[in-house]
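Pasting data-v7.cif here (mmCIF, C-alpha atoms; chains and numbers go by the auth columns):
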data_run
#
loop_
_atom_site.group_PDB
_atom_site.id
_atom_site.type_symbol
_atom_site.label_atom_id
_atom_site.label_comp_id
_atom_site.label_asym_id
_atom_site.label_seq_id
_atom_site.Cartn_x
_atom_site.Cartn_y
_atom_site.Cartn_z
_atom_site.B_iso_or_equiv
_atom_site.auth_seq_id
_atom_site.auth_asym_id
ATOM 1 C CA ASP A 1 12.337 -76.497 -94.964 0.00 1 I
ATOM 2 C CA VAL A 2 15.117 -78.280 -96.862 0.00 2 I
ATOM 3 C CA LYS A 3 13.180 -80.741 -99.002 0.00 3 I
ATOM 4 C CA ALA A 4 14.637 -81.727 -102.345 0.00 4 I
ATOM 5 C CA ASP A 5 14.748 -84.794 -104.563 0.00 5 I
ATOM 6 C CA ASN A 6 18.421 -84.388 -105.483 0.00 6 I
ATOM 7 C CA TYR A 7 21.690 -83.502 -103.793 0.00 7 I
ATOM 8 C CA ALA A 8 22.349 -80.237 -105.650 0.00 8 I
ATOM 9 C CA GLU A 9 18.998 -78.694 -104.737 0.00 9 I
ATOM 10 C CA SER A 10 19.295 -79.859 -101.144 0.00 10 I
ATOM 11 C CA LYS A 11 22.724 -78.266 -100.780 0.00 11 I
ATOM 12 C CA ASN A 12 21.486 -75.046 -102.373 0.00 12 I
ATOM 13 C CA SER A 13 18.599 -74.949 -99.896 0.00 13 I
ATOM 14 C CA ILE A 14 21.053 -75.277 -97.027 0.00 14 I
ATOM 15 C CA ILE A 15 23.153 -72.444 -98.468 0.00 15 I
ATOM 16 C CA ALA A 16 19.994 -70.321 -98.631 0.00 16 I
ATOM 17 C CA CYS A 17 19.274 -71.037 -94.946 0.00 17 I
ATOM 18 C CA ILE A 18 22.815 -70.067 -94.010 0.00 18 I
ATOM 19 C CA ASN A 19 22.489 -66.894 -96.058 0.00 19 I
ATOM 20 C CA ASP A 20 19.262 -66.032 -94.202 0.00 20 I
ATOM 21 C CA ALA A 21 21.197 -66.249 -90.942 0.00 21 I
ATOM 22 C CA TYR A 22 23.928 -64.004 -92.335 0.00 22 I
ATOM 23 C CA GLN A 23 21.519 -61.430 -93.718 0.00 23 I
ATOM 24 C CA SER A 24 19.727 -61.142 -90.367 0.00 24 I
ATOM 25 C CA HIS A 25 23.049 -59.977 -88.913 0.00 25 I
ATOM 26 C CA ARG A 26 24.070 -57.492 -91.604 0.00 26 I
ATOM 27 C CA TYR A 27 24.552 -54.854 -88.903 0.00 27 I
ATOM 28 C CA LEU A 28 27.878 -56.566 -88.249 0.00 28 I
ATOM 29 C CA LEU A 29 29.169 -55.090 -91.512 0.00 29 I
ATOM 30 C CA LYS A 30 28.901 -51.589 -90.022 0.00 30 I
ATOM 31 C CA SER A 31 31.302 -52.438 -87.216 0.00 31 I
ATOM 32 C CA ASN A 32 35.080 -52.397 -87.508 0.00 32 I
ATOM 33 C CA LEU A 33 35.386 -55.862 -85.996 0.00 33 I
ATOM 34 C CA LEU A 34 35.151 -57.919 -89.178 0.00 34 I
ATOM 35 C CA THR A 35 38.013 -58.751 -91.494 0.00 35 I
ATOM 36 C CA ASP A 36 37.742 -58.199 -95.237 0.00 36 I
ATOM 37 C CA GLY A 37 37.456 -61.956 -95.655 0.00 37 I
ATOM 38 C CA GLU A 38 34.531 -62.161 -93.237 0.00 38 I
ATOM 39 C CA LYS A 39 32.750 -59.328 -95.009 0.00 39 I
ATOM 40 C CA GLU A 40 33.316 -61.131 -98.287 0.00 40 I
ATOM 41 C CA ILE A 41 31.396 -64.184 -97.029 0.00 41 I
ATOM 42 C CA PHE A 42 28.300 -62.010 -96.630 0.00 42 I
ATOM 43 C CA ARG A 43 28.627 -60.928 -100.253 0.00 43 I
ATOM 44 C CA VAL A 44 29.451 -64.370 -101.661 0.00 44 I
ATOM 45 C CA LEU A 45 26.501 -66.067 -99.962 0.00 45 I
ATOM 46 C CA ASP A 46 24.037 -63.361 -100.884 0.00 46 I
ATOM 47 C CA GLU A 47 25.206 -63.230 -104.509 0.00 47 I
ATOM 48 C CA TYR A 48 25.023 -67.006 -104.872 0.00 48 I
ATOM 49 C CA VAL A 49 21.492 -67.214 -103.508 0.00 49 I
ATOM 50 C CA SER A 50 20.196 -64.112 -105.304 0.00 50 I
ATOM 51 C CA ASN A 51 21.577 -64.912 -108.753 0.00 51 I
ATOM 52 C CA PRO A 52 21.936 -68.672 -109.154 0.00 52 I
ATOM 53 C CA GLU A 53 23.691 -69.588 -112.384 0.00 53 I
ATOM 54 C CA PRO A 54 24.930 -72.972 -113.603 0.00 54 I
ATOM 55 C CA THR A 55 28.454 -71.575 -113.969 0.00 55 I
ATOM 56 C CA LYS A 56 28.611 -70.059 -110.499 0.00 56 I
ATOM 57 C CA THR A 57 30.041 -72.123 -107.662 0.00 57 I
ATOM 58 C CA ILE A 58 30.645 -71.837 -103.963 0.00 58 I
ATOM 59 C CA THR A 59 33.114 -74.205 -102.366 0.00 59 I
ATOM 60 C CA ASN A 60 32.074 -76.765 -99.775 0.00 60 I
ATOM 61 C CA GLU A 61 34.760 -75.424 -97.470 0.00 61 I
ATOM 62 C CA VAL A 62 33.037 -72.018 -97.403 0.00 62 I
ATOM 63 C CA ILE A 63 29.716 -73.685 -96.568 0.00 63 I
ATOM 64 C CA PHE A 64 31.204 -75.934 -93.892 0.00 64 I
ATOM 65 C CA ARG A 65 32.790 -72.982 -92.066 0.00 65 I
ATOM 66 C CA ALA A 66 30.029 -70.417 -92.637 0.00 66 I
ATOM 67 C CA VAL A 67 28.069 -70.839 -89.387 0.00 67 I
ATOM 68 C CA LYS A 68 31.270 -71.116 -87.387 0.00 68 I
ATOM 69 C CA GLY A 69 32.484 -67.909 -89.042 0.00 69 I
ATOM 70 C CA LEU A 70 29.271 -66.063 -88.237 0.00 70 I
ATOM 71 C CA ALA A 71 29.518 -67.278 -84.651 0.00 71 I
ATOM 72 C CA SER A 72 33.033 -65.835 -84.482 0.00 72 I
ATOM 73 C CA CYS A 73 31.788 -62.439 -85.694 0.00 73 I
ATOM 74 C CA LEU A 74 28.922 -62.416 -83.200 0.00 74 I
ATOM 75 C CA ASN A 75 31.255 -63.481 -80.399 0.00 75 I
ATOM 76 C CA ARG A 76 33.463 -60.463 -81.003 0.00 76 I
ATOM 77 C CA TYR A 77 30.525 -58.083 -81.442 0.00 77 I
ATOM 78 C CA TYR A 78 28.639 -59.071 -78.273 0.00 78 I
ATOM 79 C CA GLY A 79 31.524 -60.328 -76.179 0.00 79 I
ATOM 80 C CA GLN A 80 29.889 -63.656 -75.465 0.00 80 I
ATOM 81 C CA LYS A 81 29.511 -67.057 -77.078 0.00 81 I
ATOM 82 C CA VAL A 82 26.488 -67.860 -79.209 0.00 82 I
ATOM 83 C CA ILE A 83 23.666 -70.368 -78.951 0.00 83 I
ATOM 84 C CA ILE A 84 22.861 -72.266 -82.144 0.00 84 I
ATOM 85 C CA LEU A 85 19.354 -73.650 -82.706 0.00 85 I
ATOM 86 C CA LEU A 86 18.736 -76.198 -85.466 0.00 86 I
ATOM 87 C CA ASP A 87 15.127 -77.303 -85.825 0.00 87 I
ATOM 88 C CA GLU A 88 14.126 -80.461 -87.721 0.00 88 I
ATOM 89 C CA TYR A 89 17.734 -81.386 -88.461 0.00 89 I
ATOM 90 C CA ASP A 90 16.595 -84.725 -89.893 0.00 90 I
ATOM 91 C CA THR A 91 14.236 -83.444 -92.609 0.00 91 I
ATOM 92 C CA PRO A 92 16.907 -83.167 -95.343 0.00 92 I
ATOM 93 C CA MET A 93 18.352 -86.512 -94.274 0.00 93 I
ATOM 94 C CA GLN A 94 15.039 -88.242 -94.746 0.00 94 I
ATOM 95 C CA GLU A 95 14.726 -86.650 -98.191 0.00 95 I
ATOM 96 C CA ALA A 96 18.235 -87.822 -99.080 0.00 96 I
ATOM 97 C CA TYR A 97 17.403 -91.379 -98.046 0.00 97 I
ATOM 98 C CA VAL A 98 14.077 -91.477 -99.887 0.00 98 I
ATOM 99 C CA HIS A 99 15.453 -89.995 -103.109 0.00 99 I
ATOM 100 C CA GLY A 100 18.686 -91.966 -103.233 0.00 100 I
ATOM 101 C CA TYR A 101 21.453 -89.438 -102.559 0.00 101 I
ATOM 102 C CA TRP A 102 22.120 -90.483 -98.956 0.00 102 I
ATOM 103 C CA ASP A 103 25.861 -91.210 -99.239 0.00 103 I
ATOM 104 C CA GLU A 104 26.676 -87.939 -100.994 0.00 104 I
ATOM 105 C CA PHE A 105 24.527 -85.863 -98.663 0.00 105 I
ATOM 106 C CA THR A 106 25.703 -87.431 -95.399 0.00 106 I
ATOM 107 C CA SER A 107 29.314 -86.900 -96.390 0.00 107 I
ATOM 108 C CA PHE A 108 28.522 -83.207 -96.872 0.00 108 I
ATOM 109 C CA ILE A 109 26.440 -82.770 -93.722 0.00 109 I
ATOM 110 C CA ARG A 110 28.969 -84.626 -91.537 0.00 110 I
ATOM 111 C CA SER A 111 31.637 -82.044 -92.352 0.00 111 I
ATOM 112 C CA PHE A 112 29.153 -79.205 -91.881 0.00 112 I
ATOM 113 C CA PHE A 113 28.077 -80.482 -88.452 0.00 113 I
ATOM 114 C CA ASN A 114 31.682 -81.050 -87.409 0.00 114 I
ATOM 115 C CA SER A 115 32.667 -77.451 -88.114 0.00 115 I
ATOM 116 C CA THR A 116 29.441 -75.950 -86.779 0.00 116 I
ATOM 117 C CA PHE A 117 29.057 -77.930 -83.565 0.00 117 I
ATOM 118 C CA LYS A 118 32.233 -79.787 -82.593 0.00 118 I
ATOM 119 C CA THR A 119 35.158 -77.557 -83.526 0.00 119 I
ATOM 120 C CA ASN A 120 33.387 -74.256 -82.882 0.00 120 I
ATOM 121 C CA PRO A 121 35.027 -72.424 -79.957 0.00 121 I
ATOM 122 C CA TYR A 122 32.533 -69.547 -80.267 0.00 122 I
ATOM 123 C CA MET A 123 29.489 -71.678 -79.375 0.00 123 I
ATOM 124 C CA GLU A 124 28.099 -71.727 -75.840 0.00 124 I
ATOM 125 C CA ARG A 125 25.691 -74.551 -76.576 0.00 125 I
ATOM 126 C CA ALA A 126 23.454 -75.866 -79.326 0.00 126 I
ATOM 127 C CA ILE A 127 20.040 -77.470 -79.497 0.00 127 I
ATOM 128 C CA MET A 128 19.033 -79.761 -82.339 0.00 128 I
ATOM 129 C CA THR A 129 15.475 -81.032 -82.656 0.00 129 I
ATOM 130 C CA GLY A 130 13.954 -83.685 -84.877 0.00 130 I
ATOM 131 C CA ILE A 131 11.641 -86.679 -84.948 0.00 131 I
ATOM 132 C CA THR A 132 14.498 -89.111 -85.608 0.00 132 I
ATOM 133 C CA ARG A 133 16.589 -90.158 -82.637 0.00 133 I
ATOM 134 C CA VAL A 134 20.172 -88.968 -82.876 0.00 134 I
ATOM 135 C CA SER A 135 22.562 -91.834 -83.467 0.00 135 I
ATOM 136 C CA LYS A 136 26.199 -91.425 -82.515 0.00 136 I
ATOM 137 C CA GLU A 137 27.151 -93.207 -85.691 0.00 137 I
ATOM 138 C CA SER A 138 26.807 -92.138 -89.324 0.00 138 I
ATOM 139 C CA VAL A 139 26.600 -88.321 -89.655 0.00 139 I
ATOM 140 C CA PHE A 140 27.088 -87.882 -85.903 0.00 140 I
ATOM 141 C CA SER A 141 30.162 -90.086 -85.608 0.00 141 I
ATOM 142 C CA ASP A 142 32.388 -87.022 -85.112 0.00 142 I
ATOM 143 C CA LEU A 143 30.097 -85.414 -82.529 0.00 143 I
ATOM 144 C CA ASN A 144 31.047 -87.175 -79.318 0.00 144 I
ATOM 145 C CA ASN A 145 29.725 -84.369 -77.115 0.00 145 I
ATOM 146 C CA LEU A 146 26.007 -84.858 -77.791 0.00 146 I
ATOM 147 C CA LYS A 147 23.419 -85.349 -75.088 0.00 147 I
ATOM 148 C CA VAL A 148 20.340 -87.091 -76.446 0.00 148 I
ATOM 149 C CA ILE A 149 16.999 -86.221 -74.839 0.00 149 I
ATOM 150 C CA THR A 150 13.874 -88.009 -76.085 0.00 150 I
ATOM 151 C CA VAL A 151 10.179 -87.957 -75.165 0.00 151 I
ATOM 152 C CA GLU A 152 10.973 -90.762 -72.721 0.00 152 I
ATOM 153 C CA SER A 153 13.616 -88.753 -70.845 0.00 153 I
ATOM 154 C CA ASP A 154 12.755 -87.295 -67.437 0.00 154 I
ATOM 155 C CA GLU A 155 15.090 -84.349 -67.959 0.00 155 I
ATOM 156 C CA TYR A 156 13.159 -81.272 -69.105 0.00 156 I
ATOM 157 C CA SER A 157 9.968 -83.362 -69.200 0.00 157 I
ATOM 158 C CA GLY A 158 7.940 -80.578 -67.607 0.00 158 I
ATOM 159 C CA VAL A 159 8.793 -77.877 -70.130 0.00 159 I
ATOM 160 C CA PHE A 160 7.166 -79.302 -73.269 0.00 160 I
ATOM 161 C CA GLY A 161 3.625 -78.416 -72.253 0.00 161 I
ATOM 162 C CA PHE A 162 1.430 -77.000 -69.510 0.00 162 I
ATOM 163 C CA SER A 163 1.098 -78.917 -66.268 0.00 163 I
ATOM 164 C CA GLU A 164 -2.384 -79.602 -64.967 0.00 164 I
ATOM 165 C CA GLU A 165 -1.833 -77.054 -62.224 0.00 165 I
ATOM 166 C CA GLU A 166 -0.967 -74.391 -64.795 0.00 166 I
ATOM 167 C CA VAL A 167 -3.979 -75.281 -66.951 0.00 167 I
ATOM 168 C CA PHE A 168 -6.441 -75.165 -64.063 0.00 168 I
ATOM 169 C CA LEU A 169 -5.008 -71.827 -62.902 0.00 169 I
ATOM 170 C CA ALA A 170 -5.456 -70.426 -66.417 0.00 170 I
ATOM 171 C CA LEU A 171 -9.061 -71.625 -66.489 0.00 171 I
ATOM 172 C CA ASP A 172 -9.696 -69.958 -63.146 0.00 172 I
ATOM 173 C CA ASN A 173 -8.248 -66.701 -64.456 0.00 173 I
ATOM 174 C CA PHE A 174 -10.548 -66.835 -67.483 0.00 174 I
ATOM 175 C CA ASN A 175 -13.631 -67.640 -65.357 0.00 175 I
ATOM 176 C CA LEU A 176 -13.738 -71.127 -66.846 0.00 176 I
ATOM 177 C CA SER A 177 -13.353 -73.131 -63.651 0.00 177 I
ATOM 178 C CA ASP A 178 -16.373 -75.278 -64.554 0.00 178 I
ATOM 179 C CA LYS A 179 -14.613 -76.433 -67.751 0.00 179 I
ATOM 180 C CA LYS A 180 -11.705 -78.202 -66.060 0.00 180 I
ATOM 181 C CA GLN A 181 -12.988 -81.716 -66.617 0.00 181 I
ATOM 182 C CA ILE A 182 -13.771 -81.012 -70.271 0.00 182 I
ATOM 183 C CA VAL A 183 -10.320 -79.544 -70.896 0.00 183 I
ATOM 184 C CA LYS A 184 -8.721 -82.476 -69.103 0.00 184 I
ATOM 185 C CA GLU A 185 -10.585 -84.965 -71.306 0.00 185 I
ATOM 186 C CA TRP A 186 -9.748 -83.089 -74.492 0.00 186 I
ATOM 187 C CA TYR A 187 -6.166 -81.926 -74.064 0.00 187 I
ATOM 188 C CA ASP A 188 -4.464 -84.025 -71.372 0.00 188 I
ATOM 189 C CA GLY A 189 -2.965 -86.354 -73.931 0.00 189 I
ATOM 190 C CA TYR A 190 0.798 -85.946 -73.806 0.00 190 I
ATOM 191 C CA ARG A 191 3.481 -87.527 -71.683 0.00 191 I
ATOM 192 C CA PHE A 192 7.153 -86.569 -71.656 0.00 192 I
ATOM 193 C CA GLY A 193 9.278 -88.672 -69.341 0.00 193 I
ATOM 194 C CA ASN A 194 7.465 -88.722 -66.004 0.00 194 I
ATOM 195 C CA ALA A 195 5.269 -85.683 -66.704 0.00 195 I
ATOM 196 C CA ASP A 196 1.700 -85.542 -68.007 0.00 196 I
ATOM 197 C CA VAL A 197 1.277 -82.306 -69.931 0.00 197 I
ATOM 198 C CA TYR A 198 -1.360 -80.416 -71.878 0.00 198 I
ATOM 199 C CA CYS A 199 -0.841 -78.967 -75.353 0.00 199 I
ATOM 200 C CA PRO A 200 -0.191 -75.218 -74.822 0.00 200 I
ATOM 201 C CA TRP A 201 -1.655 -74.202 -78.191 0.00 201 I
ATOM 202 C CA ASP A 202 -4.944 -75.991 -77.558 0.00 202 I
ATOM 203 C CA VAL A 203 -5.313 -74.695 -74.015 0.00 203 I
ATOM 204 C CA VAL A 204 -4.550 -71.087 -74.951 0.00 204 I
ATOM 205 C CA ASN A 205 -7.026 -71.152 -77.833 0.00 205 I
ATOM 206 C CA TYR A 206 -9.696 -72.789 -75.676 0.00 206 I
ATOM 207 C CA CYS A 207 -9.340 -70.026 -73.087 0.00 207 I
ATOM 208 C CA LYS A 208 -9.413 -67.356 -75.777 0.00 208 I
ATOM 209 C CA ASP A 209 -12.500 -68.785 -77.518 0.00 209 I
ATOM 210 C CA HIS A 210 -14.507 -69.514 -74.367 0.00 210 I
ATOM 211 C CA ARG A 211 -13.625 -66.644 -72.050 0.00 211 I
ATOM 212 C CA GLU A 212 -16.576 -64.794 -70.605 0.00 212 I
#

How does the structure come out when it is put into structure tokens?
Amino acid sequence: DVKADNYAESKNSIIACINDAYQSHRYLLKSNLLTDGEKEIFRVLDEYVSNPEPTKTITNEVIFRAVKGLASCLNRYYGQKVIILLDEYDTPMQEAYVHGYWDEFTSFIRSFFNSTFKTNPYMERAIMTGITRVSKESVFSDLNNLKVITVESDEYSGVFGFSEEEVFLALDNFNLSDKKQIVKEWYDGYRFGNADVYCPWDVVNYCKDHRE
């Protein structure tokens, strides 16, 4: 949800998202595994987001390392590496391009991505989603360990929707076997790689609304 018409607001929105992630793991503060410096990051982020003032600052270095730092804390707490999910990674980039602060923003986000995804030894794996194809240039020039999967890729093609077999089985279970052709005409409209799939949301709601 990072949508802003200037660089400062966009960066502040990103800080707020990072703070949300920190606050959802405040239980870490009750353990004896965190250093004083790590505990201070919780306070600094929360204070910055809660009481924004023109005179208050937070360094880029703190922002760049924040997710990596949280991953380190979680790694120690749970004894395993973390999985990082970043949805719609390209939304703030599109805003930066449209509103004319592309160069400043991409310089910032490149360093953030580098620390979060490339030089993060506490990360098991990460998934980034967006409507813009990842390019291994520009902001991703430092991330040489990316695997790009698009709607044309066969890999994972069967997991982005219900297969026809799954849909027809669901209809049978809801006593809607006579509706198979209708559902096929209405919702069999997606193709990922080599798989034809149905929209899960539409199928589930159809079964719910028409069950006997």

Give me the residues within 12 Å of range 7-17 of chain I as a ChimeraX atom specification, counting only C-alpha atoms and dropping any in the same chain fewer than 2 places off. /I:1-5,19-24,41-42,44-54,56-60,62-67,86-87,89,91-109,112

I would like the residues chosen by the PyMOL selection byres ((chain I and resi 39) around 12) on the shown file; could you give them as a ChimeraX atom specification?
/I:22-23,25-38,40-46,66,69-70,73

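Minimum atom-to-atom distance to Phe168 in chain I, evaluated using all atoms listed in the file, belongs to I:Val203 out of I:Arg211, I:Lys147, I:Val203, I:Asn114.
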
Q) Can you list, as a list in words, the residues that the PyMOL selection byres ((chain I and resi 208) around 12) selects here? A) Ala170, Leu171, Asn173, Phe174, Asn175, Leu176, Trp201, Asp202, Val203, Val204, Asn205, Tyr206, Cys207, Asp209, His210, Arg211 and Glu212 of chain I

CA of Trp186 in chain I sits from CA of Glu155 in chain I at a separation of 25.7 Å

Quick one: which residues end up in the PyMOL selection byres ((chain I and resi 194) around 6) for this structure, as a list in words? Asp154, Gly193 and Ala195 of chain I

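The two atoms in question, CA of Glu124 in chain I and CA of Tyr156 in chain I, are spaced 19.0 Å apart.
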